[in-house]
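Okay, so here's the structure we're looking at.
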Amino acid sequence: MNFLRILSNNSTKLYITHQFRFICWSCGKDPKTLVVNLFCSNCNALQKPNKEDNYFKIMGVSETYDLNENDLAKKYKDLQKYLHPDKYANRVKEEQEISEKYSSLVNEAYKTLLEPLARGIYMLQLRGKDIPEKTEVDQEFLMKIMEKNEEVESAETEEEIMNLNEENKNKIQSLQKQLSTAFFEGDLKRVTKLLTQLKYYTSIDNQIQSVIRSKGIIR
């Protein structure tokens with residue numbers, strides 16, 4: 001089931017023409033277009049999400065690791081304006097259930113694509129690969145990670161914490177750039193290695209943010 005998406009002049013609306021026979025579950029008609037990528041143009045009933053669409057298609061963003069987070073956030077807000085279950089409190093039960101499931105799906109898609117690590121793992125899964133539970137990691141790299149963890153645990157001053165925070169953020173950004181290149185080149189072996197490293201540095205970031213909150217540091 002392939003859709004041809006055509007963005008209208010109104011950025012909040014997305015019109016779709018279909019290349020297959022589509023029947024609305026509510027009115028039983030074959031709509032020429034689905035208004036806002038969600039509603040039947042005949043009866044305005046909320047339609048079920050396409051099961052073949054991945055998170056990128058659901059959110060209406062390009063399937064790339066270099067996502068524009070502002071664009072993703074805008075698409076999320078636009079979708080939820082139409083999908084929020086409260087809007088369907090007085091509609092038929094099936095439409096209420098569709099809105100709940102669709103809204104939940106959009107939430108999960110947004111959460112996954114927003115986080116660099118989760119986005120990378122998801123993109124790897126779309127390519128039929130996964131990060132093995134027991135991934136071989138270079139011992140020198142592991143020693144470096146252990147040292148960073150110890151530095152975070154022993155840091156006492158705000159300056160120490162914020163220096164570690166900046167250093168770790170820079171490392172994460174570097175890994176993200178490398179991941180973007182690896183995905184573009186289709187080097188899934190390198191993608192797996194980089195995602196494994198990103199998992200460790202993301203864990204350190206979580207640890208640092210916890211220390212920042214506990215010490216009441218205002219950034």
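Quick note on naming: the chains in the structure tokens go A, B, ... in the order shown, residues restart at 1 in each chain, and ligands are numbered from 1 in order of appearance.
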
Excluding Asn107 (chain A) and any residue of its chain fewer than 5 positions from it, enumerate the residues within 10 Å of it, using only C-alpha atoms, and give them as a PyMOL selection string. chain A and resi 59+76+79-80+101-102+112

Can you write out the residues you just picked, keeping C-alpha atoms, as a compact mmCIF listing (two decimals), in the first residue's frame?
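Final output, result-v6.txt:
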# COMPACT_ATOMS: atom_id res chain seq x y z
CA MET A 59 5.34 11.28 11.84
CA TYR A 76 3.98 15.72 16.69
CA LEU A 79 -0.87 15.20 14.78
CA GLN A 80 -1.93 15.25 18.41
CA LYS A 101 -4.41 3.60 19.61
CA TYR A 102 -3.31 6.13 16.99
CA THR A 112 11.69 6.84 19.73

Excluding Arg190 (chain A) and its own-chain neighbours fewer than 6 positions away, which residues fall within 9 Å of it when counting only C-alpha atoms? Please give them as a PyMOL selection string. chain A and resi 179+182-183

The selected residues should be written to file as a short mmCIF file (atom, residue, chain, number, x, y, z; two decimals), in the first residue's frame (atoms: C-alpha atoms).
data_model
loop_
_atom_site.label_atom_id
_atom_site.label_comp_id
_atom_site.auth_asym_id
_atom_site.auth_seq_id
_atom_site.Cartn_x
_atom_site.Cartn_y
_atom_site.Cartn_z
CA LEU A 179 26.45 7.30 12.88
CA ALA A 182 27.66 5.05 8.64
CA PHE A 183 23.90 4.87 7.98
#

From a DSSP calculation on the backbone, collect every residue of chain A in helix (DSSP H, G or I) and output the set as a PyMOL selection string. chain A and resi 55-59+69-83+85-88+93-114+116-126+139-154+158-185+188-214

Could you give me, as an MDAnalysis selection string, the residues within 12 Å of Gly216 (chain A), counting only C-alpha atoms and dropping anything in the same chain fewer than 6 positions from it? chainID A and resid 157:158 161 209:210

Quick one: write out the picked residues with C-alpha atoms as a CSV table (one decimal), in the first residue's frame?
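File produced: out12.csv:
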chain,number,residue,atom,x,y,z
A,157,THR,CA,32.2,21.1,42.5
A,158,GLU,CA,29.8,22.6,39.9
A,161,ILE,CA,30.4,18.5,36.9
A,209,GLN,CA,22.2,14.8,34.6
A,210,SER,CA,21.2,13.1,37.8

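Pairwise distance (CA of Ala118 (chain A), CA of Ile208 (chain A)) equals 19.2 Å.
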
What's around Thr202 (chain A) at 9 Å? Count only C-alpha atoms, leave out sequence neighbours fewer than 6 positions away in its own chain, and write the answer as number ranges by chain. A: 117, 168, 172

Any idea what's packed within 7 Å of Gln47 (chain A), counting only C-alpha atoms, ignoring anything in its chain fewer than 6 positions away? Could you give it as a list in words? Leu38, Phe39 and Cys40 of chain A

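Across the structure, CA of Gln197 (chain A) and CA of Lys171 (chain A) are spaced 10.1 Å apart.
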
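Here CA of Ala89 (chain A) stands at a distance of 22.1 Å from CA of Glu108 (chain A).
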
Which is closest to Met146 (chain A) among A:Asn42, A:Gln125, A:Tyr200, A:Pro49, if we use only C-alpha atoms? A:Tyr200
